[in-house]
Amino acid sequence: MSPKTSESGGKAGGGTGGARGLLTPTRVAVGALALLALIFIFENTRATEIRLLIPEVTMPLWMALLGTAVIGALCGAYFMRRRR
């Protein structure tokens, strides 16, 4: 066995992060913002009229807000994936 590896085969003294990398300040902040957004969405339950290009539809406001949030998250994920 080389002096740079440990019994488990990994580098000596080099941790993989494990649980320490799970709750970073950025992830906690994003989780808190997501939770606040969901609370805001589900507090707005009244029906509203929304115009989608030509047709006008009546739907609960929470459904329109959630749909917009999902579309925004998908666009953000797509562009972040393209940057890498």
# chains A, B, ... in the order shown; residues from 1 in each chain; ligands from 1

call {"tool": "select_by_dssp", "arguments": {"residues": "segment 19-61 of chain A", "states": "helix (DSSP H, G or I)", "output": "list in words"}}
result
Ala19, Arg20, Gly21, Pro25, Thr26, Arg27, Val28, Ala29, Val30, Gly31, Ala32, Leu33, Ala34, Leu35, Leu36, Ala37, Leu38, Ile39, Phe40, Ile41, Phe42, Glu43 and Leu61 of chain A

call {"tool": "closest_residue", "arguments": {"among": "A:Val30, A:Asn44, A:Gly21, A:Arg81", "to": "Pro60 of chain A", "atoms": "only C-alpha atoms"}}
result
A:Asn44

call {"tool": "atom_distance", "arguments": {"atom1": "atom CA of Thr45 of chain A", "atom2": "atom CA of Ala77 of chain A"}}
result
27.4 Å

call {"tool": "atom_distance", "arguments": {"atom1": "atom CA of Leu66 of chain A", "atom2": "atom CA of Thr26 of chain A"}}
result
22.6 Å

call {"tool": "atom_distance", "arguments": {"atom1": "atom CA of Val57 of chain A", "atom2": "atom CA of Ile39 of chain A"}}
result
23.8 Å

call {"tool": "residues_around", "arguments": {"residues": "Met63 of chain A", "least_positions_apart": "4", "cutoff": "8 Å", "atoms": "only C-alpha atoms", "output": "PyMOL selection string"}}
result
chain A and resi 41+59+67

call {"tool": "write_last_selection", "arguments": {"atoms": "all heavy atoms", "output": "mmCIF file, in the first residue's frame"}}
result
data_model
loop_
_atom_site.group_PDB
_atom_site.id
_atom_site.type_symbol
_atom_site.label_atom_id
_atom_site.label_comp_id
_atom_site.auth_asym_id
_atom_site.auth_seq_id
_atom_site.Cartn_x
_atom_site.Cartn_y
_atom_site.Cartn_z
ATOM 1 N N ILE A 41 -47.603 31.194 -2.533
ATOM 2 C CA ILE A 41 -48.437 30.629 -3.599
ATOM 3 C C ILE A 41 -49.716 30.035 -3.027
ATOM 4 O O ILE A 41 -50.827 30.300 -3.513
ATOM 5 C CB ILE A 41 -47.638 29.585 -4.403
ATOM 6 C CG1 ILE A 41 -46.616 30.292 -5.290
ATOM 7 C CG2 ILE A 41 -48.555 28.704 -5.231
ATOM 8 C CD1 ILE A 41 -45.609 29.360 -5.937
ATOM 9 N N MET A 59 -58.815 30.535 -13.362
ATOM 10 C CA MET A 59 -58.188 29.460 -12.593
ATOM 11 C C MET A 59 -57.788 30.014 -11.236
ATOM 12 O O MET A 59 -57.714 31.230 -11.057
ATOM 13 C CB MET A 59 -56.960 28.893 -13.329
ATOM 14 C CG MET A 59 -55.791 29.849 -13.423
ATOM 15 S SD MET A 59 -54.274 29.150 -14.085
ATOM 16 C CE MET A 59 -54.751 28.600 -15.682
ATOM 17 N N GLY A 67 -47.380 27.413 -11.556
ATOM 18 C CA GLY A 67 -46.964 27.142 -12.934
ATOM 19 C C GLY A 67 -45.843 28.069 -13.388
ATOM 20 O O GLY A 67 -44.873 27.633 -14.024
#

call {"tool": "closest_residue", "arguments": {"among": "A:Val70, A:Ala34, A:Ala64, A:Met80", "to": "Glu49 of chain A", "atoms": "only C-alpha atoms"}}
result
A:Ala64
